[in-house]
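Data file: structure_8.cif. Format and content: mmCIF, C-alpha atoms.
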data_entry
#
loop_
_atom_site.label_atom_id
_atom_site.label_comp_id
_atom_site.auth_asym_id
_atom_site.auth_seq_id
_atom_site.Cartn_x
_atom_site.Cartn_y
_atom_site.Cartn_z
CA MET A 1 -0.29 17.35 13.31
CA GLU A 2 2.62 14.88 13.04
CA VAL A 3 0.96 12.29 15.29
CA ASN A 4 -2.32 12.52 13.34
CA SER A 5 -0.40 12.17 10.07
CA HIS A 6 1.29 8.99 11.29
CA ARG A 7 -2.07 7.59 12.43
CA ILE A 8 -3.53 8.18 8.96
CA THR A 9 -0.47 6.55 7.36
CA ARG A 10 -0.83 3.51 9.62
CA GLU A 11 -4.53 3.17 8.82
CA GLN A 12 -3.92 3.47 5.08
CA ILE A 13 -1.26 0.73 5.16
CA VAL A 14 -3.64 -1.56 7.04
CA GLN A 15 -6.45 -0.84 4.57
CA GLN A 16 -4.17 -1.76 1.69
CA LEU A 17 -3.05 -4.96 3.46
CA GLU A 18 -6.70 -5.95 3.75
CA GLY A 19 -7.17 -5.38 0.01
CA GLY A 20 -10.30 -4.37 -1.80
CA GLN A 21 -9.08 -0.92 -2.75
CA ALA A 22 -6.10 -0.78 -5.09
CA PHE A 23 -5.44 -4.48 -4.54
CA LEU A 24 -7.61 -7.55 -4.97
CA LYS A 25 -8.73 -9.12 -1.71
CA ILE A 26 -6.90 -12.38 -1.26
CA GLU A 27 -9.98 -13.73 0.53
CA ASP A 28 -11.93 -13.50 -2.73
CA LEU A 29 -9.47 -15.77 -4.51
CA LEU A 30 -9.24 -18.23 -1.64
CA GLU A 31 -13.02 -18.58 -1.56
CA GLU A 32 -13.20 -19.26 -5.29
CA VAL A 33 -10.35 -21.70 -5.88
CA GLU A 34 -11.30 -25.38 -5.75
CA PHE A 35 -9.27 -27.68 -3.50
CA GLU A 36 -8.72 -30.03 -6.46
CA ASP A 37 -7.06 -27.18 -8.41
CA LEU A 38 -4.57 -26.09 -5.73
CA GLY A 39 -1.70 -28.25 -7.02
CA LYS A 40 -2.16 -27.65 -10.75
CA ARG A 41 0.52 -25.66 -12.57
CA PRO A 42 -1.31 -24.10 -15.51
CA ALA A 43 0.25 -23.03 -18.82
CA GLY A 44 3.70 -24.29 -17.95
CA LEU A 45 4.04 -22.09 -14.85
CA PRO A 46 6.68 -23.34 -12.41
CA TYR A 47 4.34 -23.06 -9.42
CA SER A 48 0.80 -23.86 -8.37
CA PHE A 49 -1.79 -21.75 -6.55
CA TYR A 50 -0.88 -23.60 -3.36
CA GLU A 51 2.84 -23.01 -3.79
CA GLN A 52 2.31 -19.27 -4.32
CA PHE A 53 0.01 -18.94 -1.32
CA PHE A 54 2.37 -20.98 0.87
CA HIS A 55 5.18 -18.62 -0.14
CA ILE A 56 3.10 -15.52 0.67
CA ARG A 57 2.32 -16.88 4.13
CA VAL A 58 5.94 -17.85 4.91
CA ALA A 59 7.34 -14.52 3.72
CA GLN A 60 4.68 -12.60 5.66
CA PHE A 61 5.50 -14.52 8.84
CA ASP A 62 9.21 -13.98 8.26
CA ILE A 63 8.72 -10.21 8.03
CA LEU A 64 6.47 -10.25 11.10
CA ASP A 65 9.11 -12.22 13.01
CA TYR A 66 11.82 -9.80 11.86
CA CYS A 67 9.75 -6.89 13.16
CA ARG A 68 9.18 -8.24 16.65
CA ASN A 69 11.96 -10.74 17.43
CA LYS A 70 15.32 -9.36 18.53
CA TYR A 71 16.76 -12.88 18.09
CA TYR A 72 15.50 -13.14 14.51
CA GLU A 73 17.39 -15.50 12.21
CA SER A 74 16.83 -15.28 8.49
CA LYS A 75 15.59 -18.26 6.55
CA LYS A 76 17.58 -19.91 3.80
CA TRP A 77 16.55 -18.54 0.40
CA PRO A 78 14.81 -20.00 -1.53
CA ASP A 79 14.50 -23.38 0.15
CA GLU A 80 12.69 -22.30 3.30
CA TYR A 81 10.28 -19.94 1.53
CA TRP A 82 8.60 -22.50 -0.71
CA PRO A 83 6.79 -25.77 0.05
CA LEU A 84 8.25 -29.15 -0.72
CA ASP A 85 4.99 -30.29 -2.34
CA LYS A 86 2.97 -28.55 -5.02
CA GLU A 87 -0.32 -29.14 -3.18
CA PRO A 88 -1.57 -29.70 0.36
CA GLU A 89 -2.19 -33.30 1.38
CA THR A 90 -5.56 -32.59 2.98
CA GLU A 91 -8.21 -29.89 3.14
CA GLU A 92 -7.41 -29.58 6.85
CA GLU A 93 -3.80 -28.72 6.00
CA TRP A 94 -5.05 -26.12 3.50
CA ASP A 95 -7.41 -24.62 6.07
CA GLN A 96 -4.61 -24.42 8.64
CA LEU A 97 -2.38 -22.60 6.15
CA LYS A 98 -5.11 -20.06 5.42
CA ASP A 99 -5.84 -19.61 9.14
CA SER A 100 -2.14 -18.99 9.81
CA PHE A 101 -1.95 -16.41 7.04
CA PHE A 102 -4.93 -14.41 8.32
CA ARG A 103 -3.92 -14.67 11.98
CA GLU A 104 -0.40 -13.46 11.15
CA ARG A 105 -1.71 -10.71 8.86
CA ASP A 106 -3.90 -9.52 11.75
CA GLN A 107 -0.85 -9.54 14.03
CA MET A 108 1.09 -7.48 11.49
CA MET A 109 -1.80 -5.03 11.14
CA ASN A 110 -1.98 -4.68 14.93
CA LEU A 111 1.74 -3.90 15.04
CA ILE A 112 1.26 -1.28 12.32
CA LEU A 113 -1.61 0.36 14.21
CA ASP A 114 0.26 0.29 17.53
CA GLU A 115 1.61 3.81 17.89
CA SER A 116 4.28 2.65 20.32
CA ASN A 117 6.03 1.16 17.27
CA GLY A 118 7.68 4.18 15.72
CA LEU A 119 7.33 4.14 11.96
CA ASN A 120 10.93 5.22 11.47
CA ALA A 121 12.35 3.23 14.36
CA PRO A 122 14.44 0.15 13.63
CA VAL A 123 12.68 -3.19 13.95
CA ALA A 124 13.63 -5.66 16.68
CA GLY A 125 15.38 -7.99 14.24
CA GLY A 126 17.85 -5.49 12.87
CA PRO A 127 18.95 -1.87 13.12
CA ASP A 128 19.20 -1.35 9.36
CA HIS A 129 15.47 -1.45 8.56
CA SER A 130 12.64 0.69 9.84
CA PHE A 131 9.24 -0.54 10.85
CA LEU A 132 7.70 1.48 8.00
CA ARG A 133 9.98 -0.27 5.49
CA GLU A 134 8.90 -3.69 6.75
CA ALA A 135 5.20 -2.75 6.80
CA LEU A 136 5.44 -1.60 3.19
CA LEU A 137 7.45 -4.69 2.27
CA VAL A 138 4.76 -7.08 3.52
CA LEU A 139 2.11 -4.96 1.79
CA GLN A 140 3.96 -4.98 -1.53
CA HIS A 141 4.95 -8.63 -1.35
CA ASN A 142 1.41 -9.77 -0.53
CA ALA A 143 -0.05 -7.60 -3.31
CA TYR A 144 2.47 -8.81 -5.88
CA HIS A 145 1.84 -12.48 -5.18
CA THR A 146 -1.92 -11.98 -4.86
CA GLY A 147 -1.75 -10.75 -8.45
CA GLN A 148 0.06 -13.96 -9.37
CA LEU A 149 -2.64 -15.97 -7.59
CA ALA A 150 -5.26 -14.13 -9.67
CA ILE A 151 -3.44 -15.07 -12.88
CA ILE A 152 -3.16 -18.71 -11.82
CA PHE A 153 -6.85 -18.75 -10.88
CA ARG A 154 -7.83 -17.32 -14.28
CA LEU A 155 -5.66 -19.82 -16.12
CA LEU A 156 -7.23 -22.67 -14.16
CA ASN A 157 -10.70 -21.50 -15.12
#

Entire entry expressed as structure tokens:
Amino acid sequence: MEVNSHRITREQIVQQLEGGQAFLKIEDLLEEVEFEDLGKRPAGLPYSFYEQFFHIRVAQFDILDYCRNKYYESKKWPDEYWPLDKEPETEEEWDQLKDSFFRERDQMMNLILDESNGLNAPVAGGPDHSFLREALLVLQHNAYHTGQLAIIFRLLN
């Protein structure tokens, strides 16, 4: 019963990371936003769509790295979690950022589904945090900032 319960928990976390249930799918926003709008900061907001998405990707990778790297070193907050520029220089750069986000999200989802990673076991990067905590952290962080992306998108349009 316990093993089946953990499997269901893992699958539910992955489903939420993918979005489309309680959370908006980030893919939907990324398909709709125009490249020319990525660097705009609407309504006096201190960040653009690009800056928010860049931050989501960096934070997600950081959590992924913390989960699987026993030599993990934390980034400097806030400098290393936000881009230097408010927009990508090229569409190729934007596409690479999106590709990195989805590839790393898939890697995180695979870690979550891998039953050899105990949900309550400490992650490789530190004994103080469980794998479940980190899985929920990436889920919550992505959902929170996806909501911000939705607001930015609406203000742009």

Problem set entry | Explicit residue set for the PyMOL selection byres ((chain A and resi 107) around 12), as number ranges by chain | A: 14, 17, 60-61, 63-65, 67-68, 100-106, 108-114, 135

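Restricting the calculation to all atoms listed in the file, the smallest distance between Phe153 in chain A and any of A:Ala22, A:Ala121, A:Ala43, A:Ile8 is found for A:Ala43.
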
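Residues matched by the PyMOL selection byres ((chain A and resi 97) around 12) in this file are Leu30, Tyr50, Glu51, Gln52, Phe53, Phe54, His55, Ile56, Arg57, Val58, Phe61, Pro83, Glu87, Pro88, Glu89, Thr90, Glu91, Glu92, Glu93, Trp94, Asp95, Gln96, Lys98, Asp99, Ser100, Phe101, Phe102, Arg103 and Glu104 of chain A.
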
Exercise. Using all atoms listed in the file, which residues sit within 12 Å of Gln140 in chain A once same-chain residues fewer than 2 positions away are excluded, as a PyMOL selection string?
Worked result: chain A and resi 13-14+16-19+22-23+56+59-60+63+133-138+142-147

For this session: Starting from the shown file, work through the PyMOL selection byres ((chain A and resi 150) around 10) and note down what comes out as a list in words.
Result: Leu24, Ile26, Asp28, Leu29, Leu30, Val33, Phe49, His145, Thr146, Gly147, Gln148, Leu149, Ile151, Ile152, Phe153, Arg154, Leu155 and Leu156 of chain A
